[in-house]
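K.L.:
Just model30.pdb, nothing more (PDB, N, CA and C atoms):
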```pdb
ATOM      1  N   MET A 727     -52.690  68.034  13.936
ATOM      2  CA  MET A 727     -53.234  68.032  12.572
ATOM      3  C   MET A 727     -52.262  68.686  11.605
ATOM      4  N   GLY A 728     -51.354  69.511  12.104
ATOM      5  CA  GLY A 728     -50.496  70.272  11.207
ATOM      6  C   GLY A 728     -49.439  69.446  10.511
ATOM      7  N   ASN A 729     -49.030  68.319  11.107
ATOM      8  CA  ASN A 729     -47.935  67.552  10.529
ATOM      9  C   ASN A 729     -48.390  66.538   9.490
ATOM     10  N   TRP A 730     -49.696  66.394   9.290
ATOM     11  CA  TRP A 730     -50.187  65.435   8.304
ATOM     12  C   TRP A 730     -50.192  66.081   6.926
ATOM     13  N   ALA A 731     -49.027  66.125   6.324
ATOM     14  CA  ALA A 731     -48.934  66.707   4.986
ATOM     15  C   ALA A 731     -49.427  65.690   3.965
ATOM     16  N   ASN A 732     -50.163  66.167   2.999
ATOM     17  CA  ASN A 732     -50.620  65.301   1.913
ATOM     18  C   ASN A 732     -49.452  65.067   0.969
ATOM     19  N   THR A 733     -49.058  63.834   0.810
ATOM     20  CA  THR A 733     -47.960  63.502  -0.085
ATOM     21  C   THR A 733     -48.516  62.810  -1.314
ATOM     22  N   GLN A 734     -47.863  63.052  -2.427
ATOM     23  CA  GLN A 734     -48.300  62.495  -3.703
ATOM     24  C   GLN A 734     -47.101  61.828  -4.345
ATOM     25  N   LYS A 735     -47.267  60.585  -4.751
ATOM     26  CA  LYS A 735     -46.188  59.837  -5.390
ATOM     27  C   LYS A 735     -46.739  59.135  -6.616
ATOM     28  N   THR A 736     -45.852  58.920  -7.571
ATOM     29  CA  THR A 736     -46.219  58.194  -8.780
ATOM     30  C   THR A 736     -45.389  56.916  -8.837
ATOM     31  N   TYR A 737     -46.039  55.808  -9.015
ATOM     32  CA  TYR A 737     -45.382  54.511  -9.094
ATOM     33  C   TYR A 737     -45.554  53.947 -10.499
ATOM     34  N   THR A 738     -44.633  53.082 -10.876
ATOM     35  CA  THR A 738     -44.750  52.363 -12.138
ATOM     36  C   THR A 738     -45.004  50.895 -11.811
ATOM     37  N   ALA A 739     -46.141  50.396 -12.255
ATOM     38  CA  ALA A 739     -46.481  48.991 -12.048
ATOM     39  C   ALA A 739     -46.148  48.224 -13.315
ATOM     40  N   GLU A 740     -45.494  47.084 -13.149
ATOM     41  CA  GLU A 740     -45.152  46.250 -14.301
ATOM     42  C   GLU A 740     -45.938  44.958 -14.213
ATOM     43  N   LEU A 741     -46.669  44.669 -15.275
ATOM     44  CA  LEU A 741     -47.461  43.452 -15.354
ATOM     45  C   LEU A 741     -46.826  42.519 -16.375
ATOM     46  N   LYS A 742     -46.670  41.265 -15.990
ATOM     47  CA  LYS A 742     -46.158  40.274 -16.934
ATOM     48  C   LYS A 742     -47.288  39.330 -17.290
ATOM     49  N   ILE A 743     -47.526  39.204 -18.580
ATOM     50  CA  ILE A 743     -48.635  38.404 -19.083
ATOM     51  C   ILE A 743     -48.055  37.269 -19.919
ATOM     52  N   THR A 744     -48.490  36.046 -19.628
ATOM     53  CA  THR A 744     -48.078  34.888 -20.417
ATOM     54  C   THR A 744     -49.328  34.211 -20.957
ATOM     55  N   ASP A 745     -49.360  34.012 -22.269
ATOM     56  CA  ASP A 745     -50.533  33.367 -22.849
ATOM     57  C   ASP A 745     -50.352  31.854 -22.855
ATOM     58  N   ARG A 746     -51.335  31.166 -23.383
ATOM     59  CA  ARG A 746     -51.319  29.704 -23.331
ATOM     60  C   ARG A 746     -50.215  29.105 -24.187
ATOM     61  N   ALA A 747     -49.757  29.838 -25.198
ATOM     62  CA  ALA A 747     -48.691  29.330 -26.055
ATOM     63  C   ALA A 747     -47.314  29.551 -25.440
ATOM     64  N   GLY A 748     -47.254  30.217 -24.295
ATOM     65  CA  GLY A 748     -45.977  30.432 -23.642
ATOM     66  C   GLY A 748     -45.312  31.746 -24.005
ATOM     67  N   ASN A 749     -45.983  32.592 -24.787
ATOM     68  CA  ASN A 749     -45.423  33.899 -25.110
ATOM     69  C   ASN A 749     -45.682  34.844 -23.946
ATOM     70  N   SER A 750     -44.622  35.548 -23.537
ATOM     71  CA  SER A 750     -44.789  36.466 -22.419
ATOM     72  C   SER A 750     -44.611  37.890 -22.903
ATOM     73  N   ASN A 751     -45.306  38.787 -22.255
ATOM     74  CA  ASN A 751     -45.243  40.198 -22.599
ATOM     75  C   ASN A 751     -45.332  40.978 -21.304
ATOM     76  N   THR A 752     -44.672  42.124 -21.267
ATOM     77  CA  THR A 752     -44.760  42.964 -20.085
ATOM     78  C   THR A 752     -45.431  44.267 -20.459
ATOM     79  N   ALA A 753     -46.257  44.753 -19.563
ATOM     80  CA  ALA A 753     -46.924  46.033 -19.753
ATOM     81  C   ALA A 753     -46.657  46.875 -18.518
ATOM     82  N   THR A 754     -46.341  48.128 -18.727
ATOM     83  CA  THR A 754     -46.133  49.024 -17.600
ATOM     84  C   THR A 754     -47.176  50.120 -17.647
ATOM     85  N   ARG A 755     -47.611  50.539 -16.479
ATOM     86  CA  ARG A 755     -48.514  51.681 -16.417
ATOM     87  C   ARG A 755     -48.224  52.472 -15.158
ATOM     88  N   GLN A 756     -48.511  53.747 -15.232
ATOM     89  CA  GLN A 756     -48.256  54.641 -14.116
ATOM     90  C   GLN A 756     -49.453  54.623 -13.169
ATOM     91  N   ILE A 757     -49.152  54.615 -11.886
ATOM     92  CA  ILE A 757     -50.177  54.704 -10.856
ATOM     93  C   ILE A 757     -49.804  55.873  -9.954
ATOM     94  N   ARG A 758     -50.744  56.752  -9.716
ATOM     95  CA  ARG A 758     -50.502  57.908  -8.850
ATOM     96  C   ARG A 758     -51.215  57.692  -7.528
ATOM     97  N   CYS A 759     -50.485  57.903  -6.443
ATOM     98  CA  CYS A 759     -51.034  57.669  -5.109
ATOM     99  C   CYS A 759     -50.958  58.939  -4.281
ATOM    100  N   TRP A 760     -52.018  59.209  -3.552
ATOM    101  CA  TRP A 760     -52.033  60.276  -2.560
ATOM    102  C   TRP A 760     -52.158  59.639  -1.186
ATOM    103  N   SER A 761     -51.437  60.201  -0.239
ATOM    104  CA  SER A 761     -51.579  59.769   1.139
ATOM    105  C   SER A 761     -52.188  60.917   1.931
ATOM    106  N   VAL A 762     -53.337  60.645   2.541
ATOM    107  CA  VAL A 762     -54.060  61.657   3.310
ATOM    108  C   VAL A 762     -54.213  61.106   4.720
ATOM    109  N   GLY A 763     -53.456  61.639   5.646
ATOM    110  CA  GLY A 763     -53.498  61.113   7.003
ATOM    111  C   GLY A 763     -53.008  59.681   7.022
ATOM    112  N   ALA A 764     -53.835  58.770   7.520
ATOM    113  CA  ALA A 764     -53.445  57.368   7.592
ATOM    114  C   ALA A 764     -53.975  56.571   6.413
ATOM    115  N   GLN A 765     -54.614  57.222   5.438
ATOM    116  CA  GLN A 765     -55.188  56.512   4.301
ATOM    117  C   GLN A 765     -54.429  56.863   3.036
ATOM    118  N   ALA A 766     -54.445  55.954   2.089
ATOM    119  CA  ALA A 766     -53.818  56.187   0.788
ATOM    120  C   ALA A 766     -54.841  55.904  -0.296
ATOM    121  N   PHE A 767     -54.797  56.720  -1.319
ATOM    122  CA  PHE A 767     -55.692  56.567  -2.468
ATOM    123  C   PHE A 767     -54.832  56.458  -3.710
ATOM    124  N   CYS A 768     -55.037  55.442  -4.520
ATOM    125  CA  CYS A 768     -54.238  55.235  -5.727
ATOM    126  C   CYS A 768     -55.164  55.182  -6.935
ATOM    127  N   PHE A 769     -54.730  55.822  -7.995
ATOM    128  CA  PHE A 769     -55.496  55.860  -9.239
ATOM    129  C   PHE A 769     -54.552  55.607 -10.397
ATOM    130  N   PRO A 770     -54.968  54.816 -11.386
ATOM    131  CA  PRO A 770     -54.150  54.672 -12.587
ATOM    132  C   PRO A 770     -54.122  55.979 -13.360
ATOM    133  N   GLN A 771     -53.010  56.211 -14.038
ATOM    134  CA  GLN A 771     -52.867  57.421 -14.849
ATOM    135  C   GLN A 771     -53.682  57.274 -16.112
TER     136      GLN A 771
END
```
Represent the structure from my file as structure tokens, please.

P.N.:
Amino acid sequence: MGNWANTQKTYTAELKITDRAGNSNTATRQIRCWSVGAQAFCFPQ
């Protein structure tokens, strides 16, 4: 049990959106993830 350190990382997700007229836009948002044992939990910032 001692080696299962809780690690926390922050990722940047990039979304590309294209509307019907062909205009594209990118949006980025931060996502923070915790890893607890064999499970990971991610939450948007």

K.L.:
Quote the spacing between atom C of A:Val762 and atom N of A:Leu741 in Å to one decimal place.

P.N.:
27.0 Å

K.L.:
So which residues of chain A fall under strand (DSSP E or B) by DSSP, listed as an NGL selection string?

P.N.:
:A and (733-744 or 750-762 or 765-770)

K.L.:
Would you kindly translate the PyMOL selection byres ((chain A and resi 757) around 8) into the concrete residues it picks from this file, as a VMD selection string?

P.N.:
chain A and resid 735 to 739 754 to 756 758 to 760 768 to 771

K.L.:
Report, in Å to a single decimal, how far apart atom C of A:Ala753 and atom CA of A:Thr733 are.

P.N.:
24.9 Å

K.L.:
Could you jot down the atom C of A:Gln734 to atom CA of A:Ser761 separation for me, Å, one decimal place?

P.N.:
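Here the two named atoms are 7.4 Å from each other.
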